[in-house]
$ cat model-v8.pdb   # PDB, C-alpha atoms, pLDDT in the B column
ATOM      1  CA  GLN O   1     -57.241 -42.790  11.424  1.00 50.00           C
ATOM      2  CA  GLY O   2     -54.433 -42.049  13.895  1.00 62.00           C
ATOM      3  CA  TYR O   3     -56.276 -39.038  15.347  1.00 77.00           C
ATOM      4  CA  PHE O   4     -56.541 -39.447  19.122  1.00 83.00           C
ATOM      5  CA  GLY O   5     -59.085 -37.202  20.836  1.00 86.00           C
ATOM      6  CA  PHE O   6     -60.869 -36.454  24.109  1.00 87.00           C
ATOM      7  CA  PRO O   7     -58.868 -38.772  26.430  1.00 89.00           C
ATOM      8  CA  HIS O   8     -60.612 -39.301  29.762  1.00 84.00           C
ATOM      9  CA  PHE O   9     -59.549 -41.458  32.723  1.00 86.00           C
ATOM     10  CA  LEU O  10     -62.218 -43.643  34.248  1.00 84.00           C
ATOM     11  CA  PRO O  11     -62.502 -43.852  38.062  1.00 75.00           C
ATOM     12  CA  PRO O  12     -60.042 -46.227  39.751  1.00 62.00           C
ATOM     13  CA  ALA O  13     -61.043 -49.834  39.165  1.00 55.00           C
ATOM     14  CA  GLY O  14     -57.895 -51.641  40.179  1.00 52.00           C
ATOM     15  CA  GLY O  15     -55.994 -50.145  37.261  1.00 63.00           C
ATOM     16  CA  ARG O  16     -55.616 -47.195  34.950  1.00 83.00           C
ATOM     17  CA  VAL O  17     -58.389 -47.232  32.336  1.00 88.00           C
ATOM     18  CA  LEU O  18     -58.631 -44.569  29.657  1.00 87.00           C
ATOM     19  CA  ALA O  19     -61.563 -43.781  27.332  1.00 90.00           C
ATOM     20  CA  TYR O  20     -60.898 -41.863  24.121  1.00 90.00           C
ATOM     21  CA  ALA O  21     -62.020 -41.351  20.537  1.00 90.00           C
ATOM     22  CA  LEU O  22     -59.867 -42.750  17.737  1.00 88.00           C
ATOM     23  CA  GLY O  23     -60.089 -41.369  14.206  1.00 81.00           C
ATOM     24  CA  TYR O  24     -61.091 -37.992  12.791  1.00 71.00           C
ATOM     25  CA  LEU O  25     -63.630 -38.658  10.028  1.00 66.00           C
ATOM     26  CA  ASN O  26     -65.292 -41.704  11.596  1.00 77.00           C
ATOM     27  CA  PRO O  27     -64.274 -41.661  15.261  1.00 86.00           C
ATOM     28  CA  ARG O  28     -64.666 -44.797  17.356  1.00 89.00           C
ATOM     29  CA  LEU O  29     -65.063 -45.022  21.114  1.00 92.00           C
ATOM     30  CA  MET O  30     -62.179 -46.909  22.703  1.00 92.00           C
ATOM     31  CA  VAL O  31     -61.428 -47.978  26.274  1.00 92.00           C
ATOM     32  CA  GLN O  32     -57.945 -49.153  27.209  1.00 92.00           C
ATOM     33  CA  ASP O  33     -56.388 -50.606  30.343  1.00 90.00           C
ATOM     34  CA  LEU O  34     -52.992 -48.919  30.398  1.00 89.00           C
ATOM     35  CA  GLU O  35     -51.488 -51.547  32.701  1.00 87.00           C
ATOM     36  CA  SER O  36     -52.532 -54.703  30.824  1.00 88.00           C
ATOM     37  CA  GLY O  37     -52.640 -53.068  27.382  1.00 88.00           C
ATOM     38  CA  GLN O  38     -56.090 -54.554  26.726  1.00 91.00           C
ATOM     39  CA  VAL O  39     -58.269 -52.440  24.406  1.00 92.00           C
ATOM     40  CA  GLY O  40     -62.038 -52.469  23.967  1.00 92.00           C
ATOM     41  CA  LEU O  41     -63.946 -51.040  20.980  1.00 92.00           C
ATOM     42  CA  LEU O  42     -67.397 -49.648  21.818  1.00 91.00           C
ATOM     43  CA  GLY O  43     -68.436 -48.514  18.340  1.00 90.00           C
ATOM     44  CA  PRO O  44     -68.829 -45.128  16.623  1.00 90.00           C
ATOM     45  CA  GLY O  45     -68.632 -42.128  18.923  1.00 89.00           C
ATOM     46  CA  ASN O  46     -66.801 -39.054  20.091  1.00 88.00           C
ATOM     47  CA  SER O  47     -66.185 -36.951  23.247  1.00 89.00           C
ATOM     48  CA  PRO O  48     -66.468 -39.789  25.821  1.00 92.00           C
ATOM     49  CA  PHE O  49     -67.064 -39.037  29.513  1.00 92.00           C
ATOM     50  CA  TYR O  50     -67.618 -41.686  32.174  1.00 90.00           C
ATOM     51  CA  ALA O  51     -70.263 -41.182  34.868  1.00 90.00           C
ATOM     52  CA  ASP O  52     -69.880 -42.841  38.273  1.00 86.00           C
ATOM     53  CA  SER O  53     -73.272 -44.475  37.740  1.00 87.00           C
ATOM     54  CA  GLY O  54     -71.616 -46.792  35.192  1.00 89.00           C
ATOM     55  CA  TYR O  55     -72.426 -45.085  31.916  1.00 92.00           C
ATOM     56  CA  LEU O  56     -70.157 -43.687  29.231  1.00 93.00           C
ATOM     57  CA  LEU O  57     -71.601 -40.498  27.764  1.00 93.00           C
ATOM     58  CA  PHE O  58     -70.655 -39.629  24.186  1.00 93.00           C
ATOM     59  CA  SER O  59     -71.730 -37.950  20.969  1.00 88.00           C
ATOM     60  CA  ARG O  60     -72.258 -39.758  17.681  1.00 81.00           C
ATOM     61  CA  PRO O  61     -70.257 -38.711  14.618  1.00 70.00           C
ATOM     62  CA  GLY O  62     -72.077 -35.992  12.686  1.00 62.00           C
ATOM     63  CA  ILE O  63     -75.051 -35.951  15.090  1.00 66.00           C
ATOM     64  CA  LEU O  64     -75.297 -33.182  17.660  1.00 68.00           C
ATOM     65  CA  ASP O  65     -76.976 -35.280  20.364  1.00 82.00           C
ATOM     66  CA  LEU O  66     -75.787 -36.709  23.667  1.00 89.00           C
ATOM     67  CA  TRP O  67     -75.893 -40.489  24.136  1.00 92.00           C
ATOM     68  CA  ALA O  68     -75.020 -42.942  26.900  1.00 93.00           C
ATOM     69  CA  VAL O  69     -74.079 -46.600  26.997  1.00 94.00           C
ATOM     70  CA  PRO O  70     -73.728 -48.823  30.093  1.00 94.00           C
ATOM     71  CA  LEU O  71     -70.076 -49.804  30.445  1.00 92.00           C
ATOM     72  CA  SER O  72     -68.347 -52.695  32.172  1.00 89.00           C
ATOM     73  CA  VAL O  73     -65.018 -51.161  33.172  1.00 86.00           C
ATOM     74  CA  GLY O  74     -63.545 -54.539  34.141  1.00 84.00           C
ATOM     75  CA  ARG O  75     -64.385 -56.167  30.785  1.00 89.00           C
ATOM     76  CA  LEU O  76     -63.875 -52.990  28.703  1.00 89.00           C
ATOM     77  CA  LYS O  77     -67.182 -53.683  26.950  1.00 92.00           C
ATOM     78  CA  ALA O  78     -70.649 -52.205  26.658  1.00 93.00           C
ATOM     79  CA  ASP O  79     -73.182 -53.767  29.049  1.00 90.00           C
ATOM     80  CA  GLY O  80     -76.237 -52.882  26.968  1.00 92.00           C
ATOM     81  CA  GLU O  81     -77.586 -50.727  24.169  1.00 93.00           C
ATOM     82  CA  ALA O  82     -76.806 -47.033  23.770  1.00 92.00           C
ATOM     83  CA  PHE O  83     -79.681 -44.597  24.300  1.00 92.00           C
ATOM     84  CA  GLY O  84     -80.280 -40.889  23.774  1.00 90.00           C
ATOM     85  CA  VAL O  85     -79.834 -38.522  26.720  1.00 90.00           C
ATOM     86  CA  ALA O  86     -80.179 -34.977  25.364  1.00 87.00           C
ATOM     87  CA  ALA O  87     -81.070 -33.722  21.894  1.00 80.00           C
ATOM     88  CA  GLY O  88     -78.542 -31.150  20.773  1.00 76.00           C
ATOM     89  CA  GLY O  89     -76.186 -31.918  23.664  1.00 81.00           C
ATOM     90  CA  ILE O  90     -72.391 -32.190  23.338  1.00 80.00           C
ATOM     91  CA  HIS O  91     -69.308 -32.274  25.591  1.00 83.00           C
ATOM     92  CA  ALA O  92     -70.855 -33.802  28.705  1.00 88.00           C
ATOM     93  CA  SER O  93     -69.545 -33.906  32.260  1.00 89.00           C
ATOM     94  CA  VAL O  94     -71.124 -35.515  35.324  1.00 88.00           C
ATOM     95  CA  SER O  95     -70.387 -34.591  38.928  1.00 87.00           C
ATOM     96  CA  HIS O  96     -70.008 -37.184  41.696  1.00 84.00           C
ATOM     97  CA  ASP O  97     -73.538 -36.407  42.916  1.00 86.00           C
ATOM     98  CA  GLY O  98     -74.922 -37.302  39.466  1.00 86.00           C
ATOM     99  CA  THR O  99     -75.487 -33.783  38.107  1.00 91.00           C
ATOM    100  CA  LEU O 100     -75.177 -33.761  34.320  1.00 91.00           C
ATOM    101  CA  VAL O 101     -73.717 -30.727  32.571  1.00 91.00           C
ATOM    102  CA  TYR O 102     -73.424 -30.380  28.795  1.00 87.00           C
ATOM    103  CA  VAL O 103     -73.217 -27.790  26.032  1.00 83.00           C
ATOM    104  CA  ASP O 104     -76.233 -27.159  23.825  1.00 79.00           C
ATOM    105  CA  SER O 105     -75.158 -27.550  20.206  1.00 68.00           C
ATOM    106  CA  PRO O 106     -74.173 -24.054  19.178  1.00 66.00           C
ATOM    107  CA  PHE O 107     -76.116 -21.993  16.682  1.00 75.00           C
ATOM    108  CA  GLU O 108     -73.849 -19.245  15.420  1.00 80.00           C
ATOM    109  CA  GLN O 109     -74.219 -16.231  13.194  1.00 85.00           C
ATOM    110  CA  LEU O 110     -71.871 -13.948  11.324  1.00 88.00           C
ATOM    111  CA  ALA O 111     -71.764 -10.390  12.655  1.00 89.00           C
ATOM    112  CA  TRP O 112     -69.897  -7.145  12.118  1.00 89.00           C
ATOM    113  CA  PHE O 113     -68.093  -5.523  15.066  1.00 91.00           C
ATOM    114  CA  ASP O 114     -66.162  -2.265  15.150  1.00 91.00           C
ATOM    115  CA  ARG O 115     -62.518  -2.012  16.216  1.00 91.00           C
ATOM    116  CA  ARG O 116     -63.566  -1.532  19.837  1.00 90.00           C
ATOM    117  CA  GLY O 117     -65.587  -4.758  19.839  1.00 89.00           C
ATOM    118  CA  LYS O 118     -69.002  -3.118  19.676  1.00 92.00           C
ATOM    119  CA  TRP O 119     -71.624  -5.095  17.754  1.00 92.00           C
ATOM    120  CA  ILE O 120     -72.845  -3.375  14.577  1.00 92.00           C
ATOM    121  CA  GLU O 121     -75.154  -5.906  12.891  1.00 90.00           C
ATOM    122  CA  SER O 122     -75.758  -9.624  12.346  1.00 88.00           C
ATOM    123  CA  ILE O 123     -75.517 -11.214   8.905  1.00 87.00           C
ATOM    124  CA  GLY O 124     -77.778 -13.982   7.586  1.00 84.00           C
ATOM    125  CA  GLU O 125     -79.448 -16.626   9.726  1.00 84.00           C
ATOM    126  CA  ALA O 126     -78.022 -18.528  12.669  1.00 81.00           C
ATOM    127  CA  VAL O 127     -76.781 -22.021  11.734  1.00 80.00           C
ATOM    128  CA  GLN O 128     -75.152 -24.954  13.501  1.00 73.00           C
ATOM    129  CA  GLY O 129     -71.543 -23.868  13.496  1.00 76.00           C
ATOM    130  CA  VAL O 130     -69.741 -21.127  11.582  1.00 84.00           C
ATOM    131  CA  PHE O 131     -66.060 -21.868  11.095  1.00 87.00           C
ATOM    132  CA  TYR O 132     -63.118 -20.108   9.432  1.00 92.00           C
ATOM    133  CA  PRO O 133     -64.913 -17.269   7.631  1.00 94.00           C
ATOM    134  CA  ALA O 134     -62.907 -15.699   4.787  1.00 96.00           C
ATOM    135  CA  ILE O 135     -63.946 -12.328   3.331  1.00 95.00           C
ATOM    136  CA  SER O 136     -63.730 -12.033  -0.464  1.00 96.00           C
ATOM    137  CA  PRO O 137     -61.279  -9.497  -2.002  1.00 96.00           C
ATOM    138  CA  ASP O 138     -64.162  -7.137  -2.855  1.00 95.00           C
ATOM    139  CA  GLY O 139     -65.497  -7.355   0.726  1.00 93.00           C
ATOM    140  CA  ARG O 140     -68.989  -8.344  -0.408  1.00 94.00           C
ATOM    141  CA  ARG O 141     -68.994 -12.099   0.312  1.00 95.00           C
ATOM    142  CA  VAL O 142     -67.782 -14.500   2.989  1.00 95.00           C
ATOM    143  CA  ALA O 143     -66.752 -18.120   2.373  1.00 96.00           C
ATOM    144  CA  LEU O 144     -67.074 -20.345   5.444  1.00 94.00           C
ATOM    145  CA  GLU O 145     -67.526 -23.844   6.779  1.00 91.00           C
ATOM    146  CA  THR O 146     -70.920 -24.624   8.239  1.00 87.00           C
ATOM    147  CA  ASN O 147     -72.571 -27.784   9.507  1.00 78.00           C
ATOM    148  CA  GLU O 148     -75.458 -28.750   7.231  1.00 72.00           C
ATOM    149  CA  ASN O 149     -77.308 -32.047   7.768  1.00 66.00           C
ATOM    150  CA  ALA O 150     -74.524 -33.267  10.060  1.00 65.00           C
ATOM    151  CA  ASN O 151     -71.823 -32.549   7.484  1.00 76.00           C
ATOM    152  CA  LEU O 152     -69.291 -29.731   7.162  1.00 84.00           C
ATOM    153  CA  ASP O 153     -69.568 -28.017   3.767  1.00 91.00           C
ATOM    154  CA  ILE O 154     -68.370 -24.787   2.201  1.00 95.00           C
ATOM    155  CA  TRP O 155     -70.888 -21.982   1.765  1.00 94.00           C
ATOM    156  CA  VAL O 156     -70.707 -18.395   0.529  1.00 95.00           C
ATOM    157  CA  GLN O 157     -72.645 -15.694   2.359  1.00 93.00           C
ATOM    158  CA  ASP O 158     -73.606 -12.605   0.348  1.00 93.00           C
ATOM    159  CA  LEU O 159     -73.109  -9.645   2.688  1.00 91.00           C
ATOM    160  CA  ASP O 160     -75.267  -7.246   0.656  1.00 88.00           C
ATOM    161  CA  ARG O 161     -78.328  -9.451   0.177  1.00 86.00           C
ATOM    162  CA  GLY O 162     -78.003 -11.703   3.214  1.00 83.00           C
ATOM    163  CA  SER O 163     -78.433 -14.840   1.073  1.00 88.00           C
ATOM    164  CA  ARG O 164     -76.063 -17.795   1.086  1.00 90.00           C
ATOM    165  CA  THR O 165     -75.010 -20.323  -1.540  1.00 93.00           C
ATOM    166  CA  ARG O 166     -73.771 -23.853  -0.957  1.00 93.00           C
ATOM    167  CA  LEU O 167     -70.533 -24.627  -2.819  1.00 94.00           C
ATOM    168  CA  THR O 168     -69.953 -28.257  -1.781  1.00 93.00           C
ATOM    169  CA  THR O 169     -72.377 -31.165  -1.391  1.00 89.00           C
ATOM    170  CA  ASP O 170     -70.010 -34.118  -1.004  1.00 88.00           C
ATOM    171  CA  GLN O 171     -70.617 -36.321   2.043  1.00 83.00           C
ATOM    172  CA  ALA O 172     -66.979 -35.892   3.044  1.00 84.00           C
ATOM    173  CA  THR O 173     -65.858 -33.075   5.331  1.00 86.00           C
ATOM    174  CA  ASP O 174     -64.878 -29.872   3.479  1.00 90.00           C
ATOM    175  CA  ILE O 175     -62.862 -27.259   5.385  1.00 91.00           C
ATOM    176  CA  LEU O 176     -60.839 -24.024   5.445  1.00 93.00           C
ATOM    177  CA  PRO O 177     -62.026 -21.953   2.462  1.00 96.00           C
ATOM    178  CA  ALA O 178     -59.833 -19.223   0.940  1.00 97.00           C
ATOM    179  CA  TRP O 179     -60.503 -16.849  -1.963  1.00 97.00           C
ATOM    180  CA  SER O 180     -58.427 -16.498  -5.108  1.00 96.00           C
ATOM    181  CA  PRO O 181     -56.974 -12.970  -5.599  1.00 95.00           C
ATOM    182  CA  SER O 182     -59.613 -12.258  -8.254  1.00 94.00           C
ATOM    183  CA  GLY O 183     -62.484 -13.368  -6.000  1.00 94.00           C
ATOM    184  CA  ASP O 184     -63.769 -15.680  -8.759  1.00 95.00           C
ATOM    185  CA  GLU O 185     -62.745 -18.952  -7.097  1.00 96.00           C
ATOM    186  CA  VAL O 186     -62.664 -20.552  -3.665  1.00 97.00           C
ATOM    187  CA  VAL O 187     -60.044 -23.098  -2.648  1.00 97.00           C
ATOM    188  CA  PHE O 188     -60.674 -25.471   0.290  1.00 96.00           C
ATOM    189  CA  GLY O 189     -59.495 -28.664   1.930  1.00 94.00           C
ATOM    190  CA  SER O 190     -61.512 -31.874   1.598  1.00 92.00           C
ATOM    191  CA  TYR O 191     -61.331 -35.379   3.073  1.00 86.00           C
ATOM    192  CA  ARG O 192     -63.245 -36.909   0.149  1.00 85.00           C
ATOM    193  CA  SER O 193     -60.250 -39.030  -1.011  1.00 82.00           C
ATOM    194  CA  GLY O 194     -59.476 -40.275   2.506  1.00 75.00           C
ATOM    195  CA  SER O 195     -56.800 -37.689   3.288  1.00 78.00           C
ATOM    196  CA  VAL O 196     -56.797 -33.902   3.141  1.00 85.00           C
ATOM    197  CA  ASP O 197     -56.520 -32.637  -0.445  1.00 90.00           C
ATOM    198  CA  ILE O 198     -56.874 -29.149  -1.889  1.00 94.00           C
ATOM    199  CA  TRP O 199     -59.901 -28.512  -4.125  1.00 94.00           C
ATOM    200  CA  LEU O 200     -60.873 -25.468  -6.190  1.00 94.00           C
TER     201      LEU O 200
END

$ encode --input "model-v8.pdb" --output "structure tokens"
Amino acid sequence: QGYFGFPHFLPPAGGRVLAYALGYLNPRLMVQDLESGQVGLLGPGNSPFYADSGYLLFSRPGILDLWAVPLSVGRLKADGEAFGVAAGGIHASVSHDGTLVYVDSPFEQLAWFDRRGKWIESIGEAVQGVFYPAISPDGRRVALETNENANLDIWVQDLDRGSRTRLTTDQATDILPAWSPSGDEVVFGSYRSGSVDIWL
């Protein structure tokens, strides 16, 4: 739970106030006055960004949507209920004139490219996030992380048939697949015991 992410200074309010996310698996939105040391907990959330209009924009853990909550900077507390801003939105920023910019949650797809970077063909269907693909020793399958129902799991994509098979279904985050030399097994990291362990 010591993971510290997405630090963001709030506009001057008579002090130095920082918003950030604390924790990796279940991040919480925190605001902290660096001069007084006072800390406020705003609840579950990630990727905070403060808008001059008085709202803290954020994403909820495991949900690719953009939310906002009214924030009292002086009290380091929420001033009301959080509400949805943009379905599929992440990593928000707001200009001083109130213009909101965010990233649409990415749909990604495996693809073959030649050595010069020219696209050859796409593989399978586009999904929400494709991370750390690992090609099997026989070159016919790819193990990868992908986001399924707001949870990272390990899948295997068959390169010949285009089909894919889910290897993990645990609610914990499963990451970084690698093939055994024989290609009969996949090893991966998992947070299911509370820390990162290796599973086969």

$ residues_around --input "model-v8.pdb" --residues "Tyr50 of chain O" --least-positions-apart "3" --cutoff "9 Å" --atoms "all atoms listed in the file" --output "count of residues only"
14

$ residues_around --input "model-v8.pdb" --residues "Leu152 of chain O" --least-positions-apart "6" --cutoff "9 Å" --atoms "all atoms listed in the file" --output "list in words"
Gly62, Gly129, Glu145, Thr146, Gln171, Ala172, Thr173, Asp174 and Ile175 of chain O

$ closest_residue --input "model-v8.pdb" --among "O:Glu125, O:Pro137, O:Asn26, O:Leu76" --to "Ser163 of chain O" --atoms "all atoms listed in the file"
O:Glu125

$ closest_residue --input "model-v8.pdb" --among "O:Ser180, O:Gln38, O:Gln157, O:Asn46" --to "Arg60 of chain O" --atoms "all atoms listed in the file"
O:Asn46

$ atom_distance --input "model-v8.pdb" --atom1 "atom CA of Val69 of chain O" --atom2 "atom CA of Leu42 of chain O"
9.0 Å

$ atom_distance --input "model-v8.pdb" --atom1 "atom CA of Trp67 of chain O" --atom2 "atom CA of Val85 of chain O"
5.1 Å

$ atom_distance --input "model-v8.pdb" --atom1 "atom CA of Pro27 of chain O" --atom2 "atom CA of Ser47 of chain O"
9.5 Å

$ resolve_selection --input "model-v8.pdb" --expression "the PyMOL selection byres ((chain O and resi 86-90) around 7)" --output "list of chain:residue names"
O:Ser59, O:Leu64, O:Asp65, O:Leu66, O:Gly84, O:Val85, O:His91, O:Ala92, O:Tyr102, O:Val103, O:Asp104, O:Ser105

$ closest_residue --input "model-v8.pdb" --among "O:Pro177, O:Gly117, O:Pro48, O:Gly40" --to "Ala143 of chain O" --atoms "only C-alpha atoms"
O:Pro177

$ resolve_selection --input "model-v8.pdb" --expression "the PyMOL selection byres ((chain O and resi 81) around 10)" --output "list in words"
Ala68, Val69, Pro70, Leu71, Ala78, Asp79, Gly80, Ala82 and Phe83 of chain O

$ closest_residue --input "model-v8.pdb" --among "O:Leu41, O:Phe4, O:Pro181, O:Gly194" --to "Gly23 of chain O" --atoms "all atoms listed in the file"
O:Phe4

$ resolve_selection --input "model-v8.pdb" --expression "the PyMOL selection byres ((chain O and resi 168) around 6)" --output "tab-separated table (two decimals) with C-alpha atoms, keeping the file's coordinate frame"
chain	number	residue	atom	x	y	z
O	153	ASP	CA	-69.57	-28.02	3.77
O	154	ILE	CA	-68.37	-24.79	2.20
O	166	ARG	CA	-73.77	-23.85	-0.96
O	167	LEU	CA	-70.53	-24.63	-2.82
O	169	THR	CA	-72.38	-31.16	-1.39
O	170	ASP	CA	-70.01	-34.12	-1.00

$ axis_aligned_box --input "model-v8.pdb" --around "segment 130-137 of chain O" --padding-each-side "6 Å" --output "JSON"
{"center_x": -65.5, "center_y": -15.7, "center_z": 4.8, "size_x": 20.5, "size_y": 24.4, "size_z": 25.6}

$ closest_residue --input "model-v8.pdb" --among "O:Tyr24, O:Phe107, O:Trp199, O:Phe49" --to "Glu148 of chain O" --atoms "only C-alpha atoms"
O:Phe107

$ closest_residue --input "model-v8.pdb" --among "O:Val73, O:Ile120, O:Ala178, O:Val101" --to "Gln32 of chain O" --atoms "only C-alpha atoms"
O:Val73
